[in-house]
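J.: You'll find start10.tsv just under this line, and it carries TSV, C-alpha atoms and all ligand atoms.
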```
chain	number	residue	atom	x	y	z
B	1	MET	CA	100.13	49.28	210.39
B	2	LYS	CA	98.81	51.75	207.84
B	3	ILE	CA	100.77	51.68	204.58
B	4	THR	CA	101.92	55.19	203.69
B	5	VAL	CA	102.12	56.74	200.26
B	6	GLN	CA	105.90	56.77	200.79
B	7	ASP	CA	105.84	52.96	201.24
B	8	PHE	CA	103.76	52.76	198.06
B	9	LEU	CA	106.28	54.86	196.12
B	10	SER	CA	109.28	52.95	197.41
B	11	LYS	CA	107.84	49.70	196.02
B	12	LYS	CA	108.80	50.88	192.54
B	13	GLN	CA	112.42	51.39	193.61
B	14	THR	CA	112.62	47.98	195.26
B	15	ARG	CA	110.74	46.32	192.37
B	16	GLN	CA	107.98	44.96	194.61
B	17	LYS	CA	104.61	44.73	192.87
B	18	ILE	CA	101.80	46.95	194.17
B	19	THR	CA	98.31	45.46	194.70
B	20	MET	CA	95.13	47.51	194.40
B	21	ILE	CA	91.46	46.43	194.50
B	22	THR	CA	88.23	48.39	194.52
B	23	ALA	CA	85.79	48.32	197.45
B	24	TYR	CA	82.70	50.38	198.15
B	25	ASP	CA	81.57	49.49	201.66
B	26	TYR	CA	82.73	48.41	205.13
B	27	PRO	CA	82.52	44.59	204.91
B	28	PHE	CA	84.28	44.33	201.56
B	29	ALA	CA	86.91	46.87	202.58
B	30	ARG	CA	87.55	44.86	205.77
B	31	ILE	CA	88.15	41.75	203.65
B	32	VAL	CA	90.50	43.59	201.27
B	33	ASP	CA	92.37	45.19	204.17
B	34	GLU	CA	92.75	41.88	206.01
B	35	ALA	CA	94.01	40.22	202.82
B	36	GLY	CA	96.94	42.66	202.87
B	37	ILE	CA	96.14	44.52	199.65
B	38	ASP	CA	98.19	47.75	199.46
B	39	VAL	CA	95.53	50.10	198.10
B	40	ILE	CA	91.72	50.20	198.12
B	41	LEU	CA	90.20	52.26	195.33
B	42	VAL	CA	86.69	53.53	195.96
B	43	GLY	CA	86.06	53.52	192.22
B	44	ASP	CA	83.28	55.27	190.35
B	45	SER	CA	82.71	51.74	188.96
B	46	LEU	CA	80.38	51.87	191.97
B	47	ALA	CA	77.72	53.07	189.53
B	48	MET	CA	77.98	49.83	187.55
B	49	VAL	CA	78.76	47.09	190.05
B	50	VAL	CA	76.82	48.41	193.05
B	51	GLN	CA	74.11	50.63	191.56
B	52	GLY	CA	73.45	48.46	188.48
B	53	LEU	CA	73.85	51.25	185.92
B	54	ASP	CA	75.28	50.92	182.40
B	55	ASN	CA	78.24	53.26	182.85
B	56	THR	CA	80.03	55.38	185.46
B	57	LEU	CA	78.86	58.82	184.31
B	58	SER	CA	76.08	59.32	186.84
B	59	ALA	CA	78.15	58.75	190.00
B	60	THR	CA	78.01	61.87	192.18
B	61	MET	CA	80.44	63.37	194.66
B	62	ASP	CA	78.00	62.82	197.54
B	63	GLU	CA	77.67	59.13	196.66
B	64	MET	CA	81.43	58.72	196.37
B	65	ILE	CA	82.00	60.41	199.74
B	66	TYR	CA	79.31	58.25	201.38
B	67	HIS	CA	81.03	55.08	200.17
B	68	ALA	CA	84.59	56.32	200.76
B	69	LYS	CA	83.71	57.00	204.41
B	70	MET	CA	82.69	53.36	204.94
B	71	VAL	CA	85.84	52.12	203.23
B	72	SER	CA	88.13	54.41	205.26
B	73	ARG	CA	86.49	53.25	208.47
B	74	ALA	CA	87.35	49.65	207.52
B	75	SER	CA	90.91	50.22	206.31
B	76	LYS	CA	93.39	49.71	209.10
B	77	ASN	CA	96.33	49.02	206.76
B	78	SER	CA	95.48	49.72	203.13
B	79	ILE	CA	95.79	53.16	201.55
B	80	VAL	CA	92.36	54.49	200.49
B	81	ILE	CA	92.01	56.35	197.19
B	82	GLY	CA	88.77	58.13	196.26
B	83	ASP	CA	87.81	58.21	192.59
B	84	MET	CA	86.74	61.64	191.30
B	85	PRO	CA	83.40	61.17	189.48
B	86	TYR	CA	82.48	62.72	186.13
B	87	LEU	CA	82.12	66.53	186.29
B	88	SER	CA	83.68	66.79	189.75
B	89	TYR	CA	86.97	68.15	188.30
B	90	GLN	CA	86.57	68.86	184.58
B	91	VAL	CA	84.79	72.24	184.83
B	92	SER	CA	87.29	74.23	186.89
B	93	LEU	CA	90.44	74.01	188.98
B	94	GLU	CA	88.41	75.23	191.93
B	95	ASP	CA	85.97	72.31	191.57
B	96	ALA	CA	88.91	69.91	191.36
B	97	VAL	CA	90.50	71.20	194.59
B	98	ARG	CA	87.22	71.45	196.53
B	99	ASN	CA	85.94	68.02	195.46
B	100	GLY	CA	89.33	66.32	195.76
B	101	GLY	CA	89.73	67.88	199.20
B	102	ARG	CA	86.37	66.43	200.29
B	103	PHE	CA	87.78	62.90	199.94
B	104	LEU	CA	90.54	63.80	202.43
B	105	LYS	CA	88.54	66.06	204.74
B	106	GLU	CA	85.17	64.24	204.90
B	107	ALA	CA	85.97	60.66	203.91
B	108	GLY	CA	89.45	60.14	205.38
B	109	ALA	CA	91.03	59.03	202.08
B	110	GLN	CA	94.78	59.43	201.58
B	111	ALA	CA	94.63	60.32	197.87
B	112	VAL	CA	92.31	60.68	194.87
B	113	LYS	CA	92.25	59.41	191.29
B	114	LEU	CA	91.04	61.24	188.21
B	115	GLU	CA	90.82	60.38	184.51
B	116	GLY	CA	92.44	62.21	181.61
B	117	GLY	CA	95.69	63.15	179.94
B	118	ARG	CA	97.32	66.56	179.37
B	119	GLU	CA	93.90	68.27	179.60
B	120	VAL	CA	93.80	67.64	183.38
B	121	ALA	CA	97.43	68.68	184.04
B	122	GLY	CA	96.22	72.02	185.48
B	123	GLN	CA	93.87	70.26	187.88
B	124	ILE	CA	96.65	67.95	189.08
B	125	LYS	CA	98.99	70.93	189.68
B	126	ALA	CA	96.30	72.83	191.61
B	127	MET	CA	95.35	69.79	193.70
B	128	THR	CA	98.97	68.89	194.46
B	129	ARG	CA	99.56	72.51	195.59
B	130	SER	CA	96.63	71.98	197.99
B	131	GLU	CA	98.20	68.81	199.47
B	132	ILE	CA	95.90	66.43	197.57
B	133	LEU	CA	97.82	63.46	196.20
B	134	VAL	CA	96.54	62.52	192.75
B	135	MET	CA	96.70	59.23	190.87
B	136	ALA	CA	96.18	59.96	187.16
B	137	HIS	CA	94.38	57.50	184.82
B	138	ILE	CA	94.94	57.22	181.05
B	139	GLY	CA	94.25	54.73	178.25
B	140	LEU	CA	90.66	53.52	178.41
B	141	THR	CA	89.04	56.19	180.57
B	142	PRO	CA	85.42	55.11	181.19
B	143	GLN	CA	84.20	58.69	181.67
B	144	ALA	CA	85.14	59.27	177.98
B	145	LEU	CA	82.99	56.31	176.93
B	146	HIS	CA	81.02	58.25	174.29
B	147	ARG	CA	84.09	59.89	172.71
B	148	MET	CA	85.89	56.51	172.57
B	149	GLY	CA	82.83	54.83	171.04
B	150	GLY	CA	82.74	52.11	173.73
B	151	TYR	CA	85.11	50.35	176.10
B	152	LYS	CA	87.92	49.80	173.59
B	153	VAL	CA	91.63	49.11	173.93
B	154	GLN	CA	93.52	52.41	173.47
B	155	GLY	CA	96.99	53.27	172.14
B	156	ARG	CA	97.05	50.69	169.37
B	157	THR	CA	98.36	53.00	166.63
B	158	GLU	CA	101.84	54.53	166.69
B	159	GLU	CA	100.34	58.02	166.95
B	160	ALA	CA	97.99	57.08	169.81
B	161	ALA	CA	100.81	55.30	171.66
B	162	LYS	CA	103.07	58.37	171.26
B	163	ARG	CA	100.33	60.60	172.65
B	164	LEU	CA	99.79	58.33	175.67
B	165	MET	CA	103.53	58.31	176.40
B	166	GLU	CA	103.58	62.14	176.19
B	167	ASP	CA	100.51	62.33	178.47
B	168	ALA	CA	102.17	60.04	181.00
B	169	LYS	CA	105.23	62.31	181.21
B	170	ILE	CA	103.10	65.47	181.42
B	171	LEU	CA	100.99	63.99	184.24
B	172	GLN	CA	104.10	62.97	186.17
B	173	ASP	CA	105.59	66.44	185.70
B	174	SER	CA	102.30	67.97	186.89
B	175	GLY	CA	102.68	66.21	190.23
B	176	ALA	CA	100.71	62.95	189.88
B	177	PHE	CA	102.12	60.48	192.44
B	178	SER	CA	101.08	57.46	190.38
B	179	LEU	CA	99.52	56.60	187.02
B	180	LEU	CA	96.79	54.06	186.26
B	181	LEU	CA	96.99	52.53	182.77
B	182	GLU	CA	93.77	50.92	181.54
B	183	ALA	CA	93.37	48.68	178.48
B	184	ILE	CA	96.49	49.52	176.50
B	185	PRO	CA	98.97	47.16	174.81
B	186	ALA	CA	101.36	45.48	177.26
B	187	GLU	CA	104.40	46.70	175.35
B	188	LEU	CA	103.29	50.34	175.59
B	189	ALA	CA	102.53	49.96	179.33
B	190	ALA	CA	106.01	48.47	179.80
B	191	ALA	CA	107.62	51.42	177.99
B	192	ILE	CA	105.64	53.97	180.07
B	193	THR	CA	106.52	52.10	183.29
B	194	GLU	CA	110.20	52.14	182.32
B	195	GLU	CA	110.12	55.84	181.43
B	196	LEU	CA	108.39	57.12	184.58
B	197	THR	CA	109.79	57.45	188.10
B	198	ILE	CA	106.26	57.23	189.62
B	199	PRO	CA	104.56	53.80	189.92
B	200	THR	CA	102.17	52.63	187.20
B	201	ILE	CA	99.14	50.50	188.10
B	202	GLY	CA	97.69	48.43	185.27
B	203	ILE	CA	94.28	47.02	184.44
B	204	GLY	CA	94.31	45.31	181.08
B	205	ALA	CA	97.79	46.74	180.55
B	206	GLY	CA	99.92	43.60	180.78
B	207	PRO	CA	102.32	42.28	183.41
B	208	HIS	CA	105.04	44.94	183.32
B	209	CYS	CA	103.27	47.69	185.28
B	210	ASP	CA	104.50	48.39	188.81
B	211	GLY	CA	101.16	47.16	190.18
B	212	GLN	CA	97.77	45.79	189.21
B	213	VAL	CA	94.16	46.70	189.99
B	214	LEU	CA	90.87	44.83	189.50
B	215	VAL	CA	87.26	45.56	190.40
B	216	ILE	CA	86.42	43.37	193.41
B	217	HIS	CA	83.04	42.22	192.04
B	218	ASP	CA	84.80	40.94	188.90
B	219	LEU	CA	87.56	39.18	190.84
B	220	LEU	CA	85.16	37.47	193.27
B	221	GLY	CA	82.56	36.51	190.64
B	222	LEU	CA	79.83	38.83	191.89
B	223	PHE	CA	79.19	40.88	188.72
B	224	GLU	CA	77.14	39.31	185.98
B	225	GLY	CA	77.61	42.03	183.34
B	226	PHE	CA	80.20	41.90	180.55
B	227	ALA	CA	83.65	40.82	181.78
B	228	PRO	CA	86.54	42.13	179.67
B	229	ARG	CA	89.40	39.77	178.73
B	230	PHE	CA	91.68	41.32	181.35
B	231	VAL	CA	89.47	40.17	184.24
B	232	LYS	CA	90.49	37.04	186.13
B	233	LYS	CA	87.77	35.50	188.30
B	234	TYR	CA	89.43	34.15	191.44
B	235	ALA	CA	86.16	32.97	193.04
B	236	ASN	CA	82.49	32.40	192.23
B	237	LEU	CA	80.86	34.03	195.23
B	238	LYS	CA	77.56	34.64	193.47
B	239	ASP	CA	77.16	30.89	192.87
B	240	ASP	CA	78.21	30.13	196.46
B	241	ALA	CA	75.70	32.68	197.78
B	242	ILE	CA	72.87	31.18	195.72
B	243	ILE	CA	73.68	27.68	197.05
B	244	ALA	CA	73.63	29.01	200.64
B	245	LEU	CA	70.37	30.92	200.12
B	246	ARG	CA	68.63	27.96	198.49
B	247	GLN	CA	69.65	25.78	201.43
B	248	TYR	CA	68.30	28.40	203.87
B	249	LYS	CA	65.00	28.56	201.94
B	250	GLU	CA	64.67	24.77	201.93
B	251	GLU	CA	65.47	24.47	205.65
B	252	VAL	CA	62.95	27.17	206.61
B	253	GLU	CA	60.28	25.61	204.41
B	254	LYS	CA	60.92	22.14	205.88
B	255	GLY	CA	61.09	23.41	209.48
B	256	ILE	CA	64.77	22.42	209.86
B	257	PHE	CA	65.89	25.99	210.62
B	258	PRO	CA	65.89	27.38	213.26
B	259	GLY	CA	66.97	24.36	215.28
B	260	LYS	CA	67.13	24.03	219.06
B	261	GLU	CA	70.62	25.53	219.09
B	262	HIS	CA	69.32	28.72	217.43
B	263	SER	CA	66.36	29.07	219.80
B	264	PHE	CA	66.04	30.48	223.34
L	301	LIG	O1	86.33	53.04	188.89
L	301	LIG	C1	87.10	52.08	188.92
L	301	LIG	O2	86.86	51.06	189.57
L	301	LIG	C2	88.33	52.16	188.16
L	301	LIG	C3	89.03	50.86	187.91
L	301	LIG	C4	88.56	50.28	186.64
L	301	LIG	C5	90.46	50.99	187.97
L	301	LIG	O3	88.73	53.20	187.75
```
Would you mind writing the structure in this file as structure tokens?
T.:
Amino acid sequence: MKITVQDFLSKKQTRQKITMITAYDYPFARIVDEAGIDVILVGDSLAMVVQGLDNTLSATMDEMIYHAKMVSRASKNSIVIGDMPYLSYQVSLEDAVRNGGRFLKEAGAQAVKLEGGREVAGQIKAMTRSEILVMAHIGLTPQALHRMGGYKVQGRTEEAAKRLMEDAKILQDSGAFSLLLEAIPAELAAAITEELTIPTIGIGAGPHCDGQVLVIHDLLGLFEGFAPRFVKKYANLKDDAIIALRQYKEEVEKGIFPGKEHSF
């Protein structure tokens, strides 16, 4: 049965951890859904792990909708969240509502995620007024890669930590239904999680968040780019795939495949 956003919210009250994983197409989303993961994020990390680009900045709304549609089609139980790509919400409140609404209207997502602190509070208010549920995302925000000078842990100084705590409260007050915390000290993530009534989802933010998220290609060992310290590889599917493909190549070359049982 489809998990509702209300089920998601109640997990914080009952102190049950929330699980979230990215997926970008039907077969992977089917696997995530069948594994019983609460939330599938159609992340703009798509640009890096699927399109092979260096950062997320070039992901477009049309690409995100195309992928979110496949994921929604596959998700019988998990909540689907569409990630708002760079420049789909920063320019105006109208853009934010129209583009956020596309994830619900065209792609069948239940909610959206966007990056930024107090500067996107207006967007979150406008979207929430238009019945678009928004997960906010602070700390390391990959769309701010150039301002941050790279993918660096955020909130390390007292001043930066104070600002992130203030942002978290502002985003909650603006209507965000949840907050993603990326690459911040575990102690700060714990304090934000304690302070907020909405669930926090961590990635590189320690064990005290209400839930955790990872990029599926990292978790399954399918991405060969740089893996940050917070990634745990639970499988080595790339290696397994190479073994299978080499065996296929050898069997075709030696005339072993196809056998009688594969022939008509
Ligand atoms: O785009 C994405 O996959 C994300 C995760 C890193 C949480 O935002």
J.: Interatomic distance between atom CA of B:Ile65 and atom CA of B:Ile79?
T.: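 According to the coordinates, atom CA of B:Ile65 and atom CA of B:Ile79 are separated by 15.7 Å.
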J.: Using all atoms listed in the file, which residues have at least one atom no more than 8 Å from ligand LIG 301 (chain L)? Output them as a list of chain:residue names.
T.: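 Counting only what the definition allows, namely all atoms listed in the file, the set is B:Thr22, B:Leu41, B:Val42, B:Gly43, B:Asp44, B:Ser45, B:Leu46, B:Thr56, B:Asp83, B:Lys113, B:His137, B:Thr141, B:Pro142, B:Leu180, B:Glu182, B:Ile203, B:Val213, B:Leu214, B:Val215.
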J.: I need the chosen residues saved as a PDB file, in the coordinates of the input, with C-alpha atoms.
T.:
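After the write, selection32.pdb holds the following:
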```pdb
ATOM      1  CA  THR B  22      88.230  48.390 194.520  1.00  0.00           C
ATOM      2  CA  LEU B  41      90.200  52.260 195.330  1.00  0.00           C
ATOM      3  CA  VAL B  42      86.690  53.530 195.960  1.00  0.00           C
ATOM      4  CA  GLY B  43      86.060  53.520 192.220  1.00  0.00           C
ATOM      5  CA  ASP B  44      83.280  55.270 190.350  1.00  0.00           C
ATOM      6  CA  SER B  45      82.710  51.740 188.960  1.00  0.00           C
ATOM      7  CA  LEU B  46      80.380  51.870 191.970  1.00  0.00           C
ATOM      8  CA  THR B  56      80.030  55.380 185.460  1.00  0.00           C
ATOM      9  CA  ASP B  83      87.810  58.210 192.590  1.00  0.00           C
ATOM     10  CA  LYS B 113      92.250  59.410 191.290  1.00  0.00           C
ATOM     11  CA  HIS B 137      94.380  57.500 184.820  1.00  0.00           C
ATOM     12  CA  THR B 141      89.040  56.190 180.570  1.00  0.00           C
ATOM     13  CA  PRO B 142      85.420  55.110 181.190  1.00  0.00           C
ATOM     14  CA  LEU B 180      96.790  54.060 186.260  1.00  0.00           C
ATOM     15  CA  GLU B 182      93.770  50.920 181.540  1.00  0.00           C
ATOM     16  CA  ILE B 203      94.280  47.020 184.440  1.00  0.00           C
ATOM     17  CA  VAL B 213      94.160  46.700 189.990  1.00  0.00           C
ATOM     18  CA  LEU B 214      90.870  44.830 189.500  1.00  0.00           C
ATOM     19  CA  VAL B 215      87.260  45.560 190.400  1.00  0.00           C
TER      20      VAL B 215
END
```
J.: Using all atoms listed in the file, can you tell me which of B:Arg102, B:Arg246, B:Lys76, B:His67 comes closest to B:Ser88?
T.: B:Arg102
J.: Could you give me, as a PyMOL selection string, the residues within 10 Å of B:Glu131, counting all atoms listed in the file and dropping anything in the same chain fewer than 3 positions from it?
T.: chain B and resi 97+100-101+104+111+126-128+134
J.: Tell me which of B:Ala186, B:Ala144, B:Ile170, B:Ile216 sits closest to B:Ile40, counting only C-alpha atoms.
T.: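 Nearest candidate to B:Ile40 out of B:Ala186, B:Ala144, B:Ile170, B:Ile216: B:Ile216.
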J.: I'd like the neighbourhood of B:Ile31 as number ranges by chain, where a residue qualifies if any of its atoms comes within 12 Å (using all atoms listed in the file), though same-chain residues fewer than 6 positions away should be ignored.
T.: B: 21-25, 37, 40, 71, 74-78, 216, 220
J.: Give the answer as one residue: which of B:Pro207, B:Pro228, B:Lys12, B:Gly139 has the shortest atom-to-atom distance to B:Ala168, using only C-alpha atoms?
T.: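 Answer, going by the shortest atom-to-atom distance: B:Gly139.
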